[in-house]
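Content type TSV, C-alpha atoms, from the file input-v5.tsv:
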```tsv
chain	number	residue	atom	x	y	z
A	150	MET	CA	34.92	57.28	-9.98
A	151	VAL	CA	37.28	60.21	-10.38
A	152	HIS	CA	35.19	62.55	-12.53
A	153	LEU	CA	37.61	64.89	-14.28
A	154	ARG	CA	36.31	68.44	-14.40
A	155	ALA	CA	35.27	69.51	-17.90
A	156	LEU	CA	38.26	69.22	-20.21
A	157	PRO	CA	39.46	71.87	-22.66
A	158	GLY	CA	37.23	71.93	-25.73
A	159	SER	CA	34.10	70.73	-23.91
A	160	PRO	CA	31.16	73.14	-23.41
A	161	SER	CA	31.45	73.37	-19.61
A	162	ASN	CA	35.22	73.85	-19.40
A	163	THR	CA	36.26	76.60	-17.00
A	164	MET	CA	39.54	75.21	-15.61
A	165	GLN	CA	43.07	74.97	-16.93
A	166	PRO	CA	44.56	71.48	-17.34
A	167	THR	CA	46.81	71.97	-14.31
A	168	GLU	CA	43.77	72.76	-12.16
A	169	ILE	CA	41.87	69.74	-13.50
A	170	VAL	CA	44.83	67.49	-12.70
A	171	ALA	CA	45.21	68.88	-9.19
A	172	LYS	CA	41.50	68.27	-8.49
A	173	ALA	CA	41.73	64.70	-9.79
A	174	ILE	CA	44.76	63.95	-7.64
A	175	ALA	CA	43.03	65.30	-4.53
A	176	GLU	CA	39.92	63.18	-5.13
A	177	ALA	CA	41.96	60.08	-5.92
A	178	ARG	CA	43.96	60.41	-2.72
A	179	GLU	CA	40.80	60.98	-0.69
A	180	LEU	CA	39.18	57.83	-2.08
A	181	GLN	CA	42.32	55.75	-1.56
A	182	ALA	CA	42.62	56.97	2.03
A	183	ALA	CA	38.98	56.06	2.64
A	184	GLY	CA	39.65	52.47	1.63
A	185	PHE	CA	38.63	52.14	-2.03
A	186	ASP	CA	40.19	49.25	-3.93
A	187	ALA	CA	40.54	50.91	-7.35
A	188	LEU	CA	39.68	54.08	-9.27
A	189	ILE	CA	38.32	54.94	-12.72
A	190	VAL	CA	39.22	58.25	-14.33
A	191	GLU	CA	36.32	59.49	-16.47
A	192	ASN	CA	35.30	62.70	-18.29
A	193	MET	CA	31.65	62.79	-17.22
A	194	HIS	CA	31.68	66.60	-17.02
A	195	ASP	CA	32.30	66.79	-20.78
A	196	ARG	CA	28.58	66.49	-21.60
A	197	PRO	CA	27.03	66.53	-24.12
A	198	TYR	CA	29.28	63.71	-25.26
A	199	LEU	CA	30.66	63.11	-28.71
A	200	SER	CA	29.94	59.70	-30.21
A	201	ASP	CA	33.72	59.18	-30.35
A	202	ALA	CA	35.54	61.56	-28.03
A	203	SER	CA	39.04	60.76	-29.29
A	204	GLY	CA	40.03	64.28	-30.33
A	205	ALA	CA	43.60	65.34	-29.68
A	206	ASP	CA	42.67	67.89	-27.00
A	207	THR	CA	40.66	65.34	-24.99
A	208	VAL	CA	43.22	62.56	-25.27
A	209	ALA	CA	46.14	64.81	-24.36
A	210	SER	CA	44.44	66.17	-21.24
A	211	PHE	CA	43.21	62.70	-20.31
A	212	ALA	CA	46.66	61.16	-20.55
A	213	ILE	CA	48.22	63.84	-18.36
A	214	ALA	CA	45.48	63.56	-15.74
A	215	THR	CA	45.51	59.76	-15.68
A	216	ALA	CA	49.28	59.58	-15.35
A	217	ALA	CA	49.12	62.03	-12.45
A	218	VAL	CA	46.46	59.93	-10.69
A	219	VAL	CA	48.41	56.71	-11.27
A	220	ASN	CA	51.50	58.31	-9.75
A	221	ALA	CA	49.54	59.71	-6.80
A	222	VAL	CA	47.99	56.47	-5.54
A	223	LYS	CA	48.97	52.85	-4.97
A	224	ILE	CA	45.67	51.22	-5.99
A	225	PRO	CA	44.78	50.23	-9.59
A	226	VAL	CA	43.53	52.96	-11.89
A	227	GLY	CA	41.27	52.53	-14.91
A	228	VAL	CA	40.18	54.74	-17.80
A	229	GLN	CA	36.89	55.50	-19.51
A	230	ILE	CA	36.59	58.20	-22.17
A	231	LEU	CA	33.00	59.20	-22.88
A	232	SER	CA	31.66	58.45	-25.20
A	233	GLY	CA	32.82	55.28	-26.87
A	234	ALA	CA	36.46	56.31	-27.28
A	235	ASN	CA	37.70	52.88	-26.32
A	236	LEU	CA	40.80	52.82	-28.52
A	237	ALA	CA	41.83	56.18	-27.12
A	238	ALA	CA	41.15	54.97	-23.57
A	239	LEU	CA	43.40	51.97	-24.16
A	240	ALA	CA	46.16	54.22	-25.50
A	241	VAL	CA	45.84	56.51	-22.49
A	242	ALA	CA	45.88	53.57	-20.08
A	243	HIS	CA	48.99	52.14	-21.76
A	244	ALA	CA	50.84	55.46	-21.78
A	245	ALA	CA	49.83	56.44	-18.24
A	246	GLY	CA	50.41	53.07	-16.57
A	247	ALA	CA	46.75	52.39	-15.81
A	248	SER	CA	45.45	48.87	-15.22
A	249	PHE	CA	42.14	48.60	-17.06
A	250	VAL	CA	39.60	50.30	-19.31
A	251	ARG	CA	35.82	50.41	-19.21
A	252	ALA	CA	34.55	49.88	-22.75
A	253	GLU	CA	31.16	50.84	-24.15
A	254	GLY	CA	29.88	49.14	-27.29
A	255	PHE	CA	32.09	46.08	-26.90
A	256	VAL	CA	29.53	43.76	-28.49
A	257	PHE	CA	26.30	44.42	-30.41
A	258	ALA	CA	24.79	47.75	-31.48
A	259	ALA	CA	22.65	50.19	-29.49
A	260	VAL	CA	21.14	53.65	-29.69
A	261	ALA	CA	22.70	55.91	-27.07
A	262	ASP	CA	21.74	59.47	-26.22
A	263	GLU	CA	24.67	60.62	-28.38
A	264	GLY	CA	23.44	58.58	-31.36
A	265	LEU	CA	23.75	55.18	-32.95
A	266	ILE	CA	26.52	52.91	-31.69
A	267	ALA	CA	26.53	50.86	-34.86
A	268	ARG	CA	29.91	49.16	-34.65
A	269	ALA	CA	31.03	46.90	-31.82
A	270	CYS	CA	34.62	47.61	-30.81
A	271	ALA	CA	35.87	44.23	-29.54
A	272	GLY	CA	37.70	43.24	-32.72
A	273	GLU	CA	39.59	46.52	-33.08
A	274	LEU	CA	40.18	46.96	-29.37
A	275	LEU	CA	41.77	43.57	-28.74
A	276	ARG	CA	43.91	43.85	-31.85
A	277	GLU	CA	45.13	47.25	-30.70
A	278	ARG	CA	45.89	45.86	-27.25
A	279	ALA	CA	47.98	43.13	-28.86
A	280	ARG	CA	49.73	45.61	-31.15
A	281	LEU	CA	50.68	47.80	-28.19
A	282	GLY	CA	51.85	44.81	-26.16
A	283	ALA	CA	49.37	45.92	-23.52
A	284	GLN	CA	47.74	42.57	-22.67
A	285	SER	CA	48.10	43.36	-18.95
A	286	ILE	CA	45.45	46.08	-19.33
A	287	LYS	CA	42.09	44.49	-18.57
A	288	ILE	CA	38.98	45.32	-20.59
A	289	PHE	CA	35.71	45.49	-18.68
A	290	ALA	CA	32.77	45.63	-21.07
A	291	ASP	CA	29.50	47.46	-20.48
A	292	LEU	CA	26.56	45.22	-21.41
A	293	ARG	CA	23.13	46.71	-22.20
A	294	LYS	CA	24.62	49.98	-21.05
A	295	LYS	CA	22.70	52.74	-19.29
A	296	HIS	CA	21.50	55.83	-21.19
A	297	SER	CA	20.86	53.67	-24.24
A	298	SER	CA	17.98	52.03	-26.05
A	299	HIS	CA	18.41	48.33	-26.76
A	300	ALA	CA	15.45	47.77	-29.05
A	301	LEU	CA	17.85	46.55	-31.75
A	302	THR	CA	18.77	43.61	-29.53
A	303	ALA	CA	15.45	43.09	-27.79
A	304	ASP	CA	15.51	39.41	-28.73
A	305	LEU	CA	18.70	38.91	-26.69
A	306	ASP	CA	18.64	38.45	-22.93
A	307	MET	CA	21.49	39.32	-20.60
A	308	ALA	CA	22.84	35.79	-20.77
A	309	ALA	CA	23.30	36.18	-24.54
A	310	TRP	CA	25.14	39.46	-24.03
A	311	VAL	CA	27.43	37.88	-21.47
A	312	ARG	CA	28.16	34.87	-23.67
A	313	ALA	CA	28.99	37.13	-26.60
A	314	ALA	CA	31.28	39.35	-24.54
A	315	GLU	CA	33.04	36.33	-23.08
A	316	PHE	CA	33.44	34.77	-26.53
A	317	PHE	CA	34.97	38.06	-27.71
A	318	GLN	CA	37.41	37.89	-24.76
A	319	ALA	CA	36.21	40.62	-22.40
A	320	ASP	CA	38.02	40.34	-19.08
A	321	GLY	CA	34.89	41.24	-17.12
A	322	MET	CA	31.26	42.27	-17.54
A	323	ILE	CA	29.64	45.49	-16.32
A	324	VAL	CA	25.90	45.53	-15.68
A	325	THR	CA	24.11	48.85	-15.18
A	326	GLY	CA	20.66	50.24	-14.59
A	327	THR	CA	18.88	52.32	-17.19
A	328	GLU	CA	20.46	55.61	-16.09
A	329	THR	CA	23.15	57.02	-13.84
A	330	ALA	CA	22.44	56.23	-10.17
A	331	VAL	CA	19.83	53.58	-11.09
A	332	GLU	CA	20.40	50.09	-9.69
A	333	PRO	CA	20.55	47.25	-12.25
A	334	ASP	CA	17.56	45.00	-12.73
A	335	ALA	CA	17.93	42.18	-10.21
A	336	VAL	CA	16.98	39.48	-12.72
A	337	GLU	CA	19.48	40.73	-15.30
A	338	LEU	CA	22.26	40.93	-12.72
A	339	ALA	CA	21.58	37.40	-11.48
A	340	MET	CA	21.48	36.16	-15.07
A	341	ALA	CA	24.84	37.77	-15.80
A	342	ARG	CA	26.37	36.16	-12.72
A	343	ALA	CA	25.01	32.73	-13.66
A	344	SER	CA	26.30	33.01	-17.23
A	345	THR	CA	30.02	33.50	-16.62
A	346	ARG	CA	32.88	32.80	-14.25
A	347	ARG	CA	34.55	36.06	-15.24
A	348	PRO	CA	34.18	39.09	-12.97
A	349	VAL	CA	30.78	40.79	-12.92
A	350	LEU	CA	30.74	44.45	-11.93
A	351	VAL	CA	27.77	46.69	-11.22
A	352	GLY	CA	28.20	50.04	-12.95
A	353	SER	CA	25.43	52.19	-11.48
A	354	GLY	CA	23.09	52.63	-8.55
A	355	ALA	CA	25.20	51.25	-5.72
A	356	HIS	CA	24.77	52.83	-2.29
A	357	PRO	CA	25.18	51.62	1.30
A	358	GLU	CA	21.59	50.40	1.63
A	359	ASN	CA	21.65	48.08	-1.40
A	360	LEU	CA	25.29	47.01	-1.39
A	361	ALA	CA	24.72	43.66	0.32
A	362	ARG	CA	21.99	42.79	-2.18
A	363	ILE	CA	24.16	43.74	-5.14
A	364	PHE	CA	27.12	41.72	-3.91
A	365	ARG	CA	25.07	38.53	-3.98
A	366	HIS	CA	25.63	38.54	-7.74
A	367	ALA	CA	28.58	40.89	-8.29
A	368	ASP	CA	32.30	40.87	-7.65
A	369	ALA	CA	32.71	44.65	-7.57
A	370	VAL	CA	30.76	47.90	-7.80
A	371	ILE	CA	31.62	51.13	-9.56
A	372	VAL	CA	30.46	54.03	-7.40
A	373	GLY	CA	30.05	57.65	-8.45
A	374	SER	CA	26.82	59.48	-7.57
A	375	SER	CA	26.50	57.91	-4.13
A	376	LEU	CA	29.79	59.51	-3.05
A	377	LYS	CA	28.78	63.06	-3.90
A	378	MET	CA	26.91	65.77	-2.01
A	379	ASN	CA	23.17	64.98	-2.12
A	380	GLY	CA	23.91	61.92	-4.24
A	381	LEU	CA	24.36	64.01	-7.40
A	382	TRP	CA	27.28	62.95	-9.62
A	383	SER	CA	28.27	66.53	-10.54
A	384	ASN	CA	28.69	67.67	-6.93
A	385	GLU	CA	31.80	67.51	-4.77
A	386	LEU	CA	32.76	64.41	-2.81
A	387	ASP	CA	30.96	64.06	0.52
A	388	ALA	CA	33.30	62.58	3.12
A	389	LYS	CA	30.38	61.14	5.10
A	390	ARG	CA	28.95	59.39	2.04
A	391	VAL	CA	32.39	58.08	1.08
A	392	ALA	CA	32.87	56.64	4.56
A	393	ALA	CA	29.36	55.16	4.62
A	394	ILE	CA	29.80	53.01	1.54
A	395	VAL	CA	33.22	51.79	2.71
A	396	ARG	CA	31.66	50.79	6.03
A	397	ALA	CA	28.91	48.95	4.19
A	398	ARG	CA	31.46	47.08	2.11
A	399	ASP	CA	33.53	46.18	5.15
A	400	ALA	CA	30.44	44.87	6.94
A	401	ILE	CA	29.78	42.52	4.02
A	402	GLN	CA	33.37	41.31	3.90
A	403	SER	CA	33.56	40.82	7.67
A	404	PRO	CA	30.09	39.88	8.91
A	405	GLN	CA	29.45	39.96	12.63
A	406	PRO	CA	29.45	36.53	14.31
A	407	GLN	CA	26.00	35.19	15.13
A	408	ARG	CA	25.02	34.82	18.79
```
Go through the file and emit its structure as structure tokens.
Amino acid sequence: MVHLRALPGSPSNTMQPTEIVAKAIAEARELQAAGFDALIVENMHDRPYLSDASGADTVASFAIATAAVVNAVKIPVGVQILSGANLAALAVAHAAGASFVRAEGFVFAAVADEGLIARACAGELLRERARLGAQSIKIFADLRKKHSSHALTADLDMAAWVRAAEFFQADGMIVTGTETAVEPDAVELAMARASTRRPVLVGSGAHPENLARIFRHADAVIVGSSLKMNGLWSNELDAKRVAAIVRARDAIQSPQPQR
């Protein structure tokens, strides 16, 4: 994760856009140098989130920052605009040359901490991708997303969510825990993996100690809190923590020969 500092118009904003961009570039380059495979640009510091954060001020700043990150690194870059601004994220990704978006509310409804997510976005989002001629931009869909209540869909297990997202043409599935920095339920993650051949990503709770366990059922992990000082998402990057999770990944990819 490249967590943009609070953008203009958000309650915690204290930096000018040029400063926000410079910070994002520095973090992106640090993560690339450490060995990360891809990045996601996200506005997590904009809390409390709007239910659709697609205002002109947010989108303009986001597009400038994302383009700067794309131009600063050689690895793929994705976009997520909190909260639920999936059409705007796609537009930013297309304009900035990013490779993918992370989409909340792709299928089914939920109650998030910013309110009711009553309308699934898959139909609009894929039509907009076609209209823009942006089919190369992948859409990774959050399923039973963190910081949300899923009582409305309590009769659906993770397999049903995955089947629905696949039927609606998501390019990959993201499984999370209940909150930021919480590991996904092991049964739900295994069920997601067994229900699709499309990529399964873990979107919260990954750290060096559980990485091998997570990768039994996942193709990739999205890491934020674990990289920061004291494991807190809002802190600065911790070079030791960044290096630790890369080492853990490398150990999984290149296991030591048995003796």
Original post:
Using only C-alpha atoms, what residues lie at most 9 Å away from (32.6, 39.7, -13.4) (file coordinates), given as a list in words?
Top reply: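 Applying the cut-off with only C-alpha atoms, one gets Phe289, Asp320, Gly321, Met322, Ile323, Ala341, Arg342, Thr345, Arg346, Arg347, Pro348, Val349, Leu350, Val351, Ala367, Asp368 and Ala369 of chain A.
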Subject >> Neighbour list for Val395 in chain A as a PyMOL selection string, cut-off 10 Å, all atoms listed in the file, skip fewer than 5 positions in-chain >> reply: chain A and resi 180+183-186+356-357+390+400-401
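If you measure from each of A:Asp206, A:Glu358, A:Glu191, A:Glu253 to Gly227 in chain A using only C-alpha atoms, the closest one turns out to be A:Glu191.
For the atom pair formed by CA of Gln181 in chain A and CA of Ile371 in chain A, the distance is 14.1 Å, given to one decimal.
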**OP:** Using all atoms listed in the file, find the one residue out of A:Ala319, A:Ala245, A:Val250, A:Leu239 that sits nearest to Arg280 in chain A.
**Re:**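 Counting all atoms listed in the file, the residue closest to Arg280 in chain A is A:Leu239.
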List every protein, DNA or RNA residue with an atom no more than 12 Å from (27.3, 63.3, -3.3) in the file's coordinates, counting only C-alpha atoms, and format the result as a compact mmCIF listing (two decimals) with C-alpha atoms, keeping the file's coordinate frame.
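Contents of the output file result21.txt:
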```txt
# COMPACT_ATOMS: atom_id res chain seq x y z
CA MET A 150 34.92 57.28 -9.98
CA ALA A 330 22.44 56.23 -10.17
CA HIS A 356 24.77 52.83 -2.29
CA VAL A 372 30.46 54.03 -7.40
CA GLY A 373 30.05 57.65 -8.45
CA SER A 374 26.82 59.48 -7.57
CA SER A 375 26.50 57.91 -4.13
CA LEU A 376 29.79 59.51 -3.05
CA LYS A 377 28.78 63.06 -3.90
CA MET A 378 26.91 65.77 -2.01
CA ASN A 379 23.17 64.98 -2.12
CA GLY A 380 23.91 61.92 -4.24
CA LEU A 381 24.36 64.01 -7.40
CA TRP A 382 27.28 62.95 -9.62
CA SER A 383 28.27 66.53 -10.54
CA ASN A 384 28.69 67.67 -6.93
CA GLU A 385 31.80 67.51 -4.77
CA LEU A 386 32.76 64.41 -2.81
CA ASP A 387 30.96 64.06 0.52
CA ALA A 388 33.30 62.58 3.12
CA LYS A 389 30.38 61.14 5.10
CA ARG A 390 28.95 59.39 2.04
CA VAL A 391 32.39 58.08 1.08
CA ALA A 392 32.87 56.64 4.56
CA ALA A 393 29.36 55.16 4.62
CA ILE A 394 29.80 53.01 1.54
```
**OP:** Work out how far apart CA of Ala283 in chain A and CA of Phe249 in chain A are and give it in Å to one decimal.
**Re:** 10.1 Å
**OP:** In Å, rounded to a single decimal, give me how far CA of Leu236 in chain A is from CA of Asp334 in chain A.
**Re:**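 About the pair CA of Asp334 in chain A and CA of Leu236 in chain A: they are 29.2 Å apart.
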Residues near Asn192 in chain A, anyone? I mean within 10 Å using only C-alpha atoms, not counting same-chain ones fewer than 6 positions away, as a PDB file with C-alpha atoms, in the coordinates of the input.
```
ATOM      1  CA  MET A 150      34.920  57.280  -9.980  1.00  0.00           C
ATOM      2  CA  VAL A 151      37.280  60.210 -10.380  1.00  0.00           C
ATOM      3  CA  HIS A 152      35.190  62.550 -12.530  1.00  0.00           C
ATOM      4  CA  LEU A 153      37.610  64.890 -14.280  1.00  0.00           C
ATOM      5  CA  ARG A 154      36.310  68.440 -14.400  1.00  0.00           C
ATOM      6  CA  ALA A 155      35.270  69.510 -17.900  1.00  0.00           C
ATOM      7  CA  LEU A 156      38.260  69.220 -20.210  1.00  0.00           C
ATOM      8  CA  SER A 159      34.100  70.730 -23.910  1.00  0.00           C
ATOM      9  CA  TYR A 198      29.280  63.710 -25.260  1.00  0.00           C
ATOM     10  CA  ALA A 202      35.540  61.560 -28.030  1.00  0.00           C
ATOM     11  CA  THR A 207      40.660  65.340 -24.990  1.00  0.00           C
ATOM     12  CA  PHE A 211      43.210  62.700 -20.310  1.00  0.00           C
ATOM     13  CA  VAL A 228      40.180  54.740 -17.800  1.00  0.00           C
ATOM     14  CA  GLN A 229      36.890  55.500 -19.510  1.00  0.00           C
ATOM     15  CA  ILE A 230      36.590  58.200 -22.170  1.00  0.00           C
ATOM     16  CA  LEU A 231      33.000  59.200 -22.880  1.00  0.00           C
ATOM     17  CA  SER A 232      31.660  58.450 -25.200  1.00  0.00           C
TER      18      SER A 232
END
```
Determine, counting all atoms listed in the file, which protein, DNA and RNA residues have an atom within 10 Å of an atom of Pro225 in chain A; residues of the same chain fewer than 3 positions away are not included. Present the result as a PDB file with C-alpha atoms, in the frame of the given file.
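Heads up, here's the output in out33.pdb:
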```
ATOM      1  CA  PHE A 185      38.630  52.140  -2.030  1.00  0.00           C
ATOM      2  CA  ASP A 186      40.190  49.250  -3.930  1.00  0.00           C
ATOM      3  CA  ALA A 187      40.540  50.910  -7.350  1.00  0.00           C
ATOM      4  CA  LEU A 188      39.680  54.080  -9.270  1.00  0.00           C
ATOM      5  CA  ILE A 189      38.320  54.940 -12.720  1.00  0.00           C
ATOM      6  CA  VAL A 218      46.460  59.930 -10.690  1.00  0.00           C
ATOM      7  CA  VAL A 219      48.410  56.710 -11.270  1.00  0.00           C
ATOM      8  CA  VAL A 222      47.990  56.470  -5.540  1.00  0.00           C
ATOM      9  CA  GLY A 246      50.410  53.070 -16.570  1.00  0.00           C
ATOM     10  CA  ALA A 247      46.750  52.390 -15.810  1.00  0.00           C
ATOM     11  CA  SER A 248      45.450  48.870 -15.220  1.00  0.00           C
ATOM     12  CA  PHE A 249      42.140  48.600 -17.060  1.00  0.00           C
TER      13      PHE A 249
END
```
Subject >> Which residue of A:His243, A:Lys223, A:Arg251, A:Arg396 approaches Val190 in chain A most closely, using only C-alpha atoms >> reply: A:Arg251
Original post:
For Gly326 in chain A, which residue out of A:Ala343, A:Leu338, A:Ala240, A:Leu199 is the nearest one, using all atoms listed in the file?
Top reply: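 Of the candidates, the smallest distance to Gly326 in chain A is held by A:Leu338.
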Subject >> Selection near Val208 in chain A, 8 Å with all atoms listed in the file, sequence-local residues under 5 positions removed, as a ChimeraX atom specification >> reply: /A:203,237,241
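With all atoms listed in the file as the basis for measurement, A:Val256 is the residue among A:Ala261, A:Val256, A:Ala212, A:Ala397 that approaches Glu315 in chain A most closely.
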Subject >> Neighbour list for Glu337 in chain A as JSON, numbers by chain, cut-off 9 Å, all atoms listed in the file, skip fewer than 2 positions in-chain >> reply: {"A": [306, 307, 308, 324, 333, 334, 335, 339, 340, 341, 342]}
N, CA and C atoms are what I want for range 262-286 of chain A; can you complete it accordingly and write them as an mmCIF file, in the frame of the given file?
```
data_model
loop_
_atom_site.group_PDB
_atom_site.id
_atom_site.type_symbol
_atom_site.label_atom_id
_atom_site.label_comp_id
_atom_site.auth_asym_id
_atom_site.auth_seq_id
_atom_site.Cartn_x
_atom_site.Cartn_y
_atom_site.Cartn_z
ATOM 1 N N ASP A 262 22.243 58.103 -26.124
ATOM 2 C CA ASP A 262 21.740 59.470 -26.220
ATOM 3 C C ASP A 262 22.615 60.340 -27.109
ATOM 4 N N GLU A 263 23.833 59.886 -27.441
ATOM 5 C CA GLU A 263 24.670 60.620 -28.380
ATOM 6 C C GLU A 263 24.557 60.079 -29.808
ATOM 7 N N GLY A 264 23.678 59.087 -30.018
ATOM 8 C CA GLY A 264 23.440 58.580 -31.360
ATOM 9 C C GLY A 264 23.633 57.084 -31.467
ATOM 10 N N LEU A 265 23.663 56.607 -32.688
ATOM 11 C CA LEU A 265 23.750 55.180 -32.950
ATOM 12 C C LEU A 265 25.170 54.657 -32.710
ATOM 13 N N ILE A 266 25.263 53.654 -31.853
ATOM 14 C CA ILE A 266 26.520 52.910 -31.690
ATOM 15 C C ILE A 266 26.402 51.696 -32.592
ATOM 16 N N ALA A 267 26.825 51.855 -33.830
ATOM 17 C CA ALA A 267 26.530 50.860 -34.860
ATOM 18 C C ALA A 267 27.609 49.791 -34.972
ATOM 19 N N ARG A 268 28.778 50.062 -34.413
ATOM 20 C CA ARG A 268 29.910 49.160 -34.650
ATOM 21 C C ARG A 268 30.504 48.712 -33.318
ATOM 22 N N ALA A 269 30.427 47.428 -33.038
ATOM 23 C CA ALA A 269 31.030 46.900 -31.820
ATOM 24 C C ALA A 269 32.549 47.001 -31.912
ATOM 25 N N CYS A 270 33.196 47.275 -30.787
ATOM 26 C CA CYS A 270 34.620 47.610 -30.810
ATOM 27 C C CYS A 270 35.541 46.452 -30.471
ATOM 28 N N ALA A 271 35.012 45.300 -30.084
ATOM 29 C CA ALA A 271 35.870 44.230 -29.540
ATOM 30 C C ALA A 271 36.994 43.858 -30.494
ATOM 31 N N GLY A 272 36.678 43.668 -31.766
ATOM 32 C CA GLY A 272 37.700 43.240 -32.720
ATOM 33 C C GLY A 272 38.852 44.213 -32.815
ATOM 34 N N GLU A 273 38.538 45.500 -32.972
ATOM 35 C CA GLU A 273 39.590 46.520 -33.080
ATOM 36 C C GLU A 273 40.331 46.676 -31.762
ATOM 37 N N LEU A 274 39.582 46.669 -30.658
ATOM 38 C CA LEU A 274 40.180 46.960 -29.370
ATOM 39 C C LEU A 274 41.188 45.892 -28.955
ATOM 40 N N LEU A 275 40.845 44.624 -29.132
ATOM 41 C CA LEU A 275 41.770 43.570 -28.740
ATOM 42 C C LEU A 275 42.971 43.476 -29.681
ATOM 43 N N ARG A 276 42.758 43.805 -30.939
ATOM 44 C CA ARG A 276 43.910 43.850 -31.850
ATOM 45 C C ARG A 276 44.862 44.989 -31.488
ATOM 46 N N GLU A 277 44.287 46.128 -31.105
ATOM 47 C CA GLU A 277 45.130 47.250 -30.700
ATOM 48 C C GLU A 277 45.862 46.936 -29.402
ATOM 49 N N ARG A 278 45.204 46.254 -28.482
ATOM 50 C CA ARG A 278 45.890 45.860 -27.250
ATOM 51 C C ARG A 278 47.068 44.950 -27.548
ATOM 52 N N ALA A 279 46.885 44.013 -28.478
ATOM 53 C CA ALA A 279 47.980 43.130 -28.860
ATOM 54 C C ALA A 279 49.097 43.911 -29.557
ATOM 55 N N ARG A 280 48.733 44.834 -30.433
ATOM 56 C CA ARG A 280 49.730 45.610 -31.150
ATOM 57 C C ARG A 280 50.595 46.431 -30.201
ATOM 58 N N LEU A 281 49.956 46.984 -29.163
ATOM 59 C CA LEU A 281 50.680 47.800 -28.190
ATOM 60 C C LEU A 281 51.482 46.948 -27.199
ATOM 61 N N GLY A 282 51.232 45.643 -27.185
ATOM 62 C CA GLY A 282 51.850 44.810 -26.160
ATOM 63 C C GLY A 282 51.294 45.122 -24.791
ATOM 64 N N ALA A 283 50.001 45.443 -24.749
ATOM 65 C CA ALA A 283 49.370 45.920 -23.520
ATOM 66 C C ALA A 283 48.375 44.902 -22.970
ATOM 67 N N GLN A 284 48.684 43.604 -23.113
ATOM 68 C CA GLN A 284 47.740 42.570 -22.670
ATOM 69 C C GLN A 284 47.478 42.616 -21.175
ATOM 70 N N SER A 285 48.346 43.266 -20.399
ATOM 71 C CA SER A 285 48.100 43.360 -18.950
ATOM 72 C C SER A 285 46.967 44.323 -18.619
ATOM 73 N N ILE A 286 46.551 45.149 -19.562
ATOM 74 C CA ILE A 286 45.450 46.080 -19.330
ATOM 75 C C ILE A 286 44.138 45.337 -19.549
#
```
